[in-house]
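The structure appears below as structure tokens.
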Amino acid sequence: YNDNWILKPDGSCGIEICSPVMKGSRGLSEICKVVDALDKDESVQADSRCSFHIHVDVSDLSEEEIRSVISWWIKCEPIFMDLVPYDRKINQYCQYLGLNDKVNVHLMSYQNLMQIVGTSKYFSMNAFHLFKEKRRTLEFRIMDSSCCLNSWDAKNWVRLILFFVENCIKKGVPKKYKKGNPMTGLCWIDPYDFFEFLNCN
């Protein structure tokens, strides 16, 4: 909830840059300006230790809507992982949520999901700050270092994540698991199902 840009030391990659709360095209434009400025500075580097995190405000969402976002993320996570470099897939700070041994094909309650995604911030998507009641956001950590120095990548990742969240809210929690139907339960879906989910087919 900071009002200004904040630069601070980071043990994993050297420096962390935190934006103030952003909204709409004006906020996205400001993020792009900062990324472009970093790209122009030859002393700034972003390697596989770096990443681009997006906090999405969910303060206006119900528990059921948040449950929907988390459930669909688990189902779509492999597709998102296919969009990032190999280094990001095996990064300890961006772990597969769907590979957690507490997750199976069956739907989970809001409370049970929060016990998983709220207890660690090192999943590809987490509710750590929401669970700890620090801020009402879901954090998406999957974006790789390309977004740190490429405003085109940064802008489109933000748009994709927001579009994904909006579709999760519209679709609602997946239906109860039915064998042979990957759109039910917490089964992983393939790219064709993913595009259908996003209404892009």
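Naming works like this for the structure tokens: A, B, ... for the chains as they're shown, residue 1 at the start of each chain, ligands 1 onward in shown order.
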Spatial neighbours of Arg67 (chain A), max dist 7 Å, only C-alpha atoms, sep filter under 3 positions, as a ChimeraX atom specification: /A:63-64,70-71,110,173
- request: Could you give me, as a ChimeraX atom specification, the residues within 12 Å of Asn2 (chain A), counting only C-alpha atoms and dropping anything in the same chain fewer than 3 positions from it?
  value: /A:5-7,17-22,135
field: Shell around Met108 (chain A) at 12 Å using only C-alpha atoms, local window under 2 positions removed, as an MDAnalysis selection string
entry: chainID A and resid 64 67:68 70:72 74 102:106 110:117 173:177 185:186
Could those residues be written to a file, using N, CA, C and O atoms, as an mmCIF file, in the first residue's frame?
```
data_model
loop_
_atom_site.group_PDB
_atom_site.id
_atom_site.type_symbol
_atom_site.label_atom_id
_atom_site.label_comp_id
_atom_site.auth_asym_id
_atom_site.auth_seq_id
_atom_site.Cartn_x
_atom_site.Cartn_y
_atom_site.Cartn_z
ATOM 1 N N GLU A 64 -15.893 -16.927 -2.215
ATOM 2 C CA GLU A 64 -16.194 -17.853 -3.306
ATOM 3 C C GLU A 64 -15.505 -17.421 -4.600
ATOM 4 O O GLU A 64 -15.020 -18.265 -5.370
ATOM 5 N N ARG A 67 -11.872 -18.206 -4.195
ATOM 6 C CA ARG A 67 -11.761 -19.664 -4.361
ATOM 7 C C ARG A 67 -11.768 -20.037 -5.835
ATOM 8 O O ARG A 67 -11.036 -20.927 -6.276
ATOM 9 N N SER A 68 -12.569 -19.348 -6.615
ATOM 10 C CA SER A 68 -12.629 -19.604 -8.053
ATOM 11 C C SER A 68 -11.294 -19.284 -8.726
ATOM 12 O O SER A 68 -10.796 -20.070 -9.535
ATOM 13 N N ILE A 70 -8.266 -19.168 -7.386
ATOM 14 C CA ILE A 70 -7.238 -20.128 -6.964
ATOM 15 C C ILE A 70 -7.453 -21.476 -7.645
ATOM 16 O O ILE A 70 -6.498 -22.106 -8.138
ATOM 17 N N SER A 71 -8.711 -21.929 -7.697
ATOM 18 C CA SER A 71 -9.012 -23.230 -8.310
ATOM 19 C C SER A 71 -8.651 -23.252 -9.794
ATOM 20 O O SER A 71 -8.023 -24.207 -10.283
ATOM 21 N N TRP A 72 -9.025 -22.198 -10.512
ATOM 22 C CA TRP A 72 -8.707 -22.145 -11.942
ATOM 23 C C TRP A 72 -7.209 -21.972 -12.170
ATOM 24 O O TRP A 72 -6.667 -22.464 -13.165
ATOM 25 N N ILE A 74 -4.873 -23.373 -10.373
ATOM 26 C CA ILE A 74 -4.330 -24.729 -10.260
ATOM 27 C C ILE A 74 -4.554 -25.490 -11.568
ATOM 28 O O ILE A 74 -3.662 -26.184 -12.059
ATOM 29 N N LYS A 102 -1.044 -31.719 -1.059
ATOM 30 C CA LYS A 102 -2.386 -31.539 -0.502
ATOM 31 C C LYS A 102 -3.429 -31.261 -1.587
ATOM 32 O O LYS A 102 -4.623 -31.189 -1.310
ATOM 33 N N VAL A 103 -2.970 -31.092 -2.829
ATOM 34 C CA VAL A 103 -3.880 -30.800 -3.940
ATOM 35 C C VAL A 103 -4.147 -32.078 -4.721
ATOM 36 O O VAL A 103 -3.224 -32.808 -5.079
ATOM 37 N N ASN A 104 -5.418 -32.367 -4.976
ATOM 38 C CA ASN A 104 -5.777 -33.496 -5.835
ATOM 39 C C ASN A 104 -6.858 -33.033 -6.805
ATOM 40 O O ASN A 104 -7.075 -31.833 -6.954
ATOM 41 N N VAL A 105 -7.530 -33.948 -7.466
ATOM 42 C CA VAL A 105 -8.497 -33.552 -8.507
ATOM 43 C C VAL A 105 -9.782 -32.974 -7.931
ATOM 44 O O VAL A 105 -10.546 -32.335 -8.642
ATOM 45 N N HIS A 106 -10.029 -33.204 -6.648
ATOM 46 C CA HIS A 106 -11.300 -32.793 -6.065
ATOM 47 C C HIS A 106 -11.274 -31.346 -5.585
ATOM 48 O O HIS A 106 -10.245 -30.843 -5.142
ATOM 49 N N TYR A 110 -12.702 -22.929 0.530
ATOM 50 C CA TYR A 110 -11.885 -21.704 0.636
ATOM 51 C C TYR A 110 -10.857 -21.856 1.751
ATOM 52 O O TYR A 110 -9.673 -21.548 1.560
ATOM 53 N N GLN A 111 -11.295 -22.362 2.900
ATOM 54 C CA GLN A 111 -10.398 -22.502 4.043
ATOM 55 C C GLN A 111 -9.258 -23.478 3.742
ATOM 56 O O GLN A 111 -8.098 -23.207 4.071
ATOM 57 N N ASN A 112 -9.573 -24.591 3.083
ATOM 58 C CA ASN A 112 -8.530 -25.572 2.759
ATOM 59 C C ASN A 112 -7.543 -25.026 1.730
ATOM 60 O O ASN A 112 -6.332 -25.254 1.831
ATOM 61 N N LEU A 113 -8.052 -24.298 0.737
ATOM 62 C CA LEU A 113 -7.164 -23.693 -0.250
ATOM 63 C C LEU A 113 -6.238 -22.675 0.401
ATOM 64 O O LEU A 113 -5.042 -22.618 0.098
ATOM 65 N N MET A 114 -6.787 -21.874 1.311
ATOM 66 C CA MET A 114 -5.975 -20.855 1.972
ATOM 67 C C MET A 114 -4.885 -21.465 2.837
ATOM 68 O O MET A 114 -3.818 -20.875 3.008
ATOM 69 N N GLN A 115 -5.140 -22.658 3.380
ATOM 70 C CA GLN A 115 -4.108 -23.340 4.166
ATOM 71 C C GLN A 115 -2.911 -23.738 3.303
ATOM 72 O O GLN A 115 -1.814 -23.950 3.821
ATOM 73 N N ILE A 116 -3.133 -23.829 1.994
ATOM 74 C CA ILE A 116 -2.032 -24.156 1.079
ATOM 75 C C ILE A 116 -1.415 -22.879 0.495
ATOM 76 O O ILE A 116 -0.239 -22.608 0.670
ATOM 77 N N VAL A 117 -2.237 -22.096 -0.188
ATOM 78 C CA VAL A 117 -1.709 -20.932 -0.908
ATOM 79 C C VAL A 117 -1.432 -19.748 0.013
ATOM 80 O O VAL A 117 -0.812 -18.779 -0.408
ATOM 81 N N VAL A 173 -16.454 -21.140 -9.529
ATOM 82 C CA VAL A 173 -15.691 -22.326 -9.142
ATOM 83 C C VAL A 173 -16.006 -23.468 -10.106
ATOM 84 O O VAL A 173 -17.176 -23.658 -10.480
ATOM 85 N N PRO A 174 -14.999 -24.229 -10.535
ATOM 86 C CA PRO A 174 -15.268 -25.373 -11.425
ATOM 87 C C PRO A 174 -16.292 -26.330 -10.805
ATOM 88 O O PRO A 174 -16.440 -26.392 -9.583
ATOM 89 N N LYS A 175 -16.978 -27.060 -11.662
ATOM 90 C CA LYS A 175 -17.952 -28.040 -11.188
ATOM 91 C C LYS A 175 -17.235 -29.199 -10.487
ATOM 92 O O LYS A 175 -16.035 -29.405 -10.646
ATOM 93 N N LYS A 176 -17.998 -29.963 -9.718
ATOM 94 C CA LYS A 176 -17.464 -31.135 -9.032
ATOM 95 C C LYS A 176 -16.802 -32.076 -10.030
ATOM 96 O O LYS A 176 -17.283 -32.248 -11.144
ATOM 97 N N TYR A 177 -15.690 -32.680 -9.620
ATOM 98 C CA TYR A 177 -14.924 -33.546 -10.519
ATOM 99 C C TYR A 177 -15.782 -34.658 -11.115
ATOM 100 O O TYR A 177 -16.507 -35.357 -10.419
ATOM 101 N N GLY A 185 -13.452 -30.271 -11.453
ATOM 102 C CA GLY A 185 -12.474 -30.519 -10.403
ATOM 103 C C GLY A 185 -11.232 -29.656 -10.579
ATOM 104 O O GLY A 185 -11.276 -28.587 -11.179
ATOM 105 N N LEU A 186 -10.110 -30.157 -10.045
ATOM 106 C CA LEU A 186 -8.840 -29.430 -10.143
ATOM 107 C C LEU A 186 -7.880 -30.089 -11.131
ATOM 108 O O LEU A 186 -6.668 -29.929 -11.031
#
```
message: Taking 4 positions as the minimum chain separation for residues in the same chain, which residues sit within 12 Å of Arg136 (chain A) when counting only C-alpha atoms? Answer as number ranges by chain.
response: A: 1, 55-63, 66, 118, 126-132
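Non-sequential neighbours of Trp157 (chain A) (distance at most 12 Å, separation of 5 or more positions within a chain, only C-alpha atoms) are Leu28, Ile31, Cys32, Ser51, Phe52, His53, Ile54, Phe80, Leu83, Val84, Phe140, Arg141, Ile142, Met143, Asp144, Ser145, Ser146, Cys147, Cys148, Asn150, Ser151, Trp152, Leu162, Phe163 and Phe164 of chain A.
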task: Please report, as a ChimeraX atom specification, each residue of region 28-191 of chain A to which DSSP assigns alpha helix (DSSP H) when run on this structure's backbone.
output: /A:28-40,63-82,86-89,110-117,128-131,146-149,151-171,191
Restricting it to C-alpha atoms, dump the selection as a compact mmCIF listing (two decimals), in the first residue's frame.
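Result written to part-v4.txt:
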```
# COMPACT_ATOMS: atom_id res chain seq x y z
CA LEU A 28 0.21 0.31 -16.72
CA SER A 29 1.82 3.15 -18.67
CA GLU A 30 3.79 4.23 -15.59
CA ILE A 31 5.06 0.68 -15.04
CA CYS A 32 6.20 0.57 -18.68
CA LYS A 33 8.07 3.87 -18.28
CA VAL A 34 10.00 2.52 -15.31
CA VAL A 35 10.81 -0.74 -17.12
CA ASP A 36 11.98 1.23 -20.18
CA ALA A 37 14.19 3.42 -17.96
CA LEU A 38 15.79 0.32 -16.44
CA ASP A 39 16.34 -1.15 -19.89
CA LYS A 40 18.16 1.98 -21.06
CA GLU A 63 -14.44 -15.85 -0.59
CA GLU A 64 -16.19 -17.85 -3.31
CA GLU A 65 -14.74 -15.62 -6.05
CA ILE A 66 -11.25 -15.90 -4.56
CA ARG A 67 -11.76 -19.66 -4.36
CA SER A 68 -12.63 -19.60 -8.05
CA VAL A 69 -9.42 -17.75 -8.97
CA ILE A 70 -7.24 -20.13 -6.96
CA SER A 71 -9.01 -23.23 -8.31
CA TRP A 72 -8.71 -22.15 -11.94
CA TRP A 73 -5.07 -21.19 -11.40
CA ILE A 74 -4.33 -24.73 -10.26
CA LYS A 75 -6.07 -26.05 -13.39
CA CYS A 76 -4.30 -23.61 -15.75
CA GLU A 77 -0.90 -23.48 -14.03
CA PRO A 78 0.86 -25.87 -16.48
CA ILE A 79 -0.17 -23.61 -19.39
CA PHE A 80 1.30 -20.56 -17.67
CA MET A 81 4.45 -22.55 -16.85
CA ASP A 82 4.81 -23.40 -20.55
CA TYR A 86 12.97 -23.41 -18.05
CA ASP A 87 14.82 -21.55 -15.27
CA ARG A 88 11.53 -20.19 -14.03
CA LYS A 89 9.87 -23.62 -13.99
CA TYR A 110 -11.88 -21.70 0.64
CA GLN A 111 -10.40 -22.50 4.04
CA ASN A 112 -8.53 -25.57 2.76
CA LEU A 113 -7.16 -23.69 -0.25
CA MET A 114 -5.98 -20.86 1.97
CA GLN A 115 -4.11 -23.34 4.17
CA ILE A 116 -2.03 -24.16 1.08
CA VAL A 117 -1.71 -20.93 -0.91
CA PHE A 128 0.28 -15.21 1.60
CA HIS A 129 -0.48 -11.56 2.32
CA LEU A 130 -4.23 -12.16 2.24
CA PHE A 131 -3.90 -15.09 4.65
CA SER A 146 12.25 -10.57 -19.33
CA CYS A 147 9.47 -8.43 -17.83
CA CYS A 148 12.01 -6.52 -15.74
CA LEU A 149 13.64 -4.94 -18.80
CA SER A 151 7.96 -3.16 -21.19
CA TRP A 152 6.13 -5.07 -23.94
CA ASP A 153 6.44 -8.31 -21.99
CA ALA A 154 5.57 -6.60 -18.70
CA LYS A 155 2.48 -4.92 -20.11
CA ASN A 156 1.13 -8.06 -21.72
CA TRP A 157 1.75 -10.24 -18.67
CA VAL A 158 -0.20 -7.78 -16.52
CA ARG A 159 -3.04 -7.78 -19.04
CA LEU A 160 -3.08 -11.57 -19.26
CA ILE A 161 -3.16 -12.03 -15.49
CA LEU A 162 -5.97 -9.49 -15.06
CA PHE A 163 -7.91 -11.04 -17.95
CA PHE A 164 -7.45 -14.46 -16.35
CA VAL A 165 -8.74 -13.23 -12.97
CA GLU A 166 -11.76 -11.58 -14.59
CA ASN A 167 -12.63 -14.83 -16.39
CA CYS A 168 -12.26 -16.84 -13.17
CA ILE A 169 -14.80 -14.56 -11.50
CA LYS A 170 -17.21 -14.89 -14.43
CA LYS A 171 -16.87 -18.69 -14.68
CA PRO A 191 -4.08 -25.41 -24.23
```
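For the pair CA of Lys23 (chain A) and CA of Gly11 (chain A), the interatomic distance is 28.8 Å.
Picture a line from CA of Phe123 (chain A) to CA of Glu196 (chain A); it runs 25.1 Å.
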task: Give the answer as one residue: which of A:Ser109, A:Ser120, A:Thr137, A:Gln45 has the shortest atom-to-atom distance to Tyr96 (chain A), using only C-alpha atoms?
output: A:Ser120
task: Quick one: pick out all strand (DSSP E) residues within chain A from a backbone DSSP run and write them as a ChimeraX atom specification.
output: /A:6-10,14-18,52-57,125-126,137-143
Just-selected residues, N, CA and C atoms written as a tab-separated table (two decimals), in the first residue's frame:
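Output (result_34.tsv):
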```tsv
chain	number	residue	atom	x	y	z
A	6	ILE	N	9.43	2.27	-4.44
A	6	ILE	CA	10.39	1.95	-3.38
A	6	ILE	C	11.46	1.01	-3.93
A	7	LEU	N	12.71	1.35	-3.70
A	7	LEU	CA	13.83	0.48	-4.05
A	7	LEU	C	14.45	-0.01	-2.75
A	8	LYS	N	14.67	-1.32	-2.65
A	8	LYS	CA	15.25	-1.86	-1.42
A	8	LYS	C	16.10	-3.08	-1.74
A	9	PRO	N	17.06	-3.41	-0.86
A	9	PRO	CA	17.91	-4.59	-1.09
A	9	PRO	C	17.10	-5.87	-1.09
A	10	ASP	N	17.55	-6.83	-1.89
A	10	ASP	CA	16.90	-8.13	-1.96
A	10	ASP	C	17.98	-9.21	-1.94
A	14	GLY	N	19.55	-8.98	-5.53
A	14	GLY	CA	20.30	-7.72	-5.41
A	14	GLY	C	19.43	-6.54	-5.04
A	15	ILE	N	18.38	-6.30	-5.83
A	15	ILE	CA	17.52	-5.15	-5.56
A	15	ILE	C	16.08	-5.47	-5.92
A	16	GLU	N	15.17	-4.92	-5.14
A	16	GLU	CA	13.74	-5.09	-5.41
A	16	GLU	C	13.13	-3.71	-5.63
A	17	ILE	N	12.32	-3.61	-6.66
A	17	ILE	CA	11.63	-2.36	-6.96
A	17	ILE	C	10.13	-2.59	-6.78
A	18	CYS	N	9.52	-1.84	-5.87
A	18	CYS	CA	8.09	-1.99	-5.57
A	18	CYS	C	7.34	-0.76	-6.06
A	52	PHE	N	9.22	-10.88	-12.04
A	52	PHE	CA	8.26	-9.77	-12.09
A	52	PHE	C	6.98	-10.25	-11.40
A	53	HIS	N	6.69	-9.69	-10.24
A	53	HIS	CA	5.54	-10.14	-9.46
A	53	HIS	C	4.37	-9.17	-9.63
A	54	ILE	N	3.18	-9.72	-9.70
A	54	ILE	CA	1.97	-8.91	-9.82
A	54	ILE	C	1.05	-9.21	-8.64
A	55	HIS	N	0.71	-8.18	-7.88
A	55	HIS	CA	-0.29	-8.31	-6.82
A	55	HIS	C	-1.62	-7.79	-7.36
A	56	VAL	N	-2.63	-8.65	-7.34
A	56	VAL	CA	-3.96	-8.26	-7.80
A	56	VAL	C	-4.85	-8.03	-6.58
A	57	ASP	N	-5.42	-6.84	-6.50
A	57	ASP	CA	-6.30	-6.49	-5.40
A	57	ASP	C	-7.58	-7.32	-5.46
A	125	MET	N	1.54	-18.77	-7.69
A	125	MET	CA	0.49	-17.84	-7.26
A	125	MET	C	0.24	-18.11	-5.79
A	126	ASN	N	0.14	-17.08	-5.00
A	126	ASN	CA	-0.07	-17.30	-3.57
A	126	ASN	C	-1.03	-16.26	-2.98
A	137	THR	N	-4.52	-9.14	-1.38
A	137	THR	CA	-4.08	-9.37	-2.76
A	137	THR	C	-3.76	-10.84	-2.97
A	138	LEU	N	-3.85	-11.24	-4.22
A	138	LEU	CA	-3.28	-12.50	-4.68
A	138	LEU	C	-2.03	-12.13	-5.45
A	139	GLU	N	-0.94	-12.84	-5.19
A	139	GLU	CA	0.32	-12.52	-5.84
A	139	GLU	C	0.65	-13.57	-6.90
A	140	PHE	N	0.96	-13.10	-8.10
A	140	PHE	CA	1.35	-13.97	-9.21
A	140	PHE	C	2.85	-13.75	-9.45
A	141	ARG	N	3.65	-14.80	-9.20
A	141	ARG	CA	5.11	-14.70	-9.24
A	141	ARG	C	5.71	-15.38	-10.47
A	142	ILE	N	4.88	-15.78	-11.40
A	142	ILE	CA	5.35	-16.66	-12.47
A	142	ILE	C	6.17	-15.95	-13.54
A	143	MET	N	6.01	-14.63	-13.67
A	143	MET	CA	6.68	-13.91	-14.76
A	143	MET	C	8.19	-13.87	-14.56
```
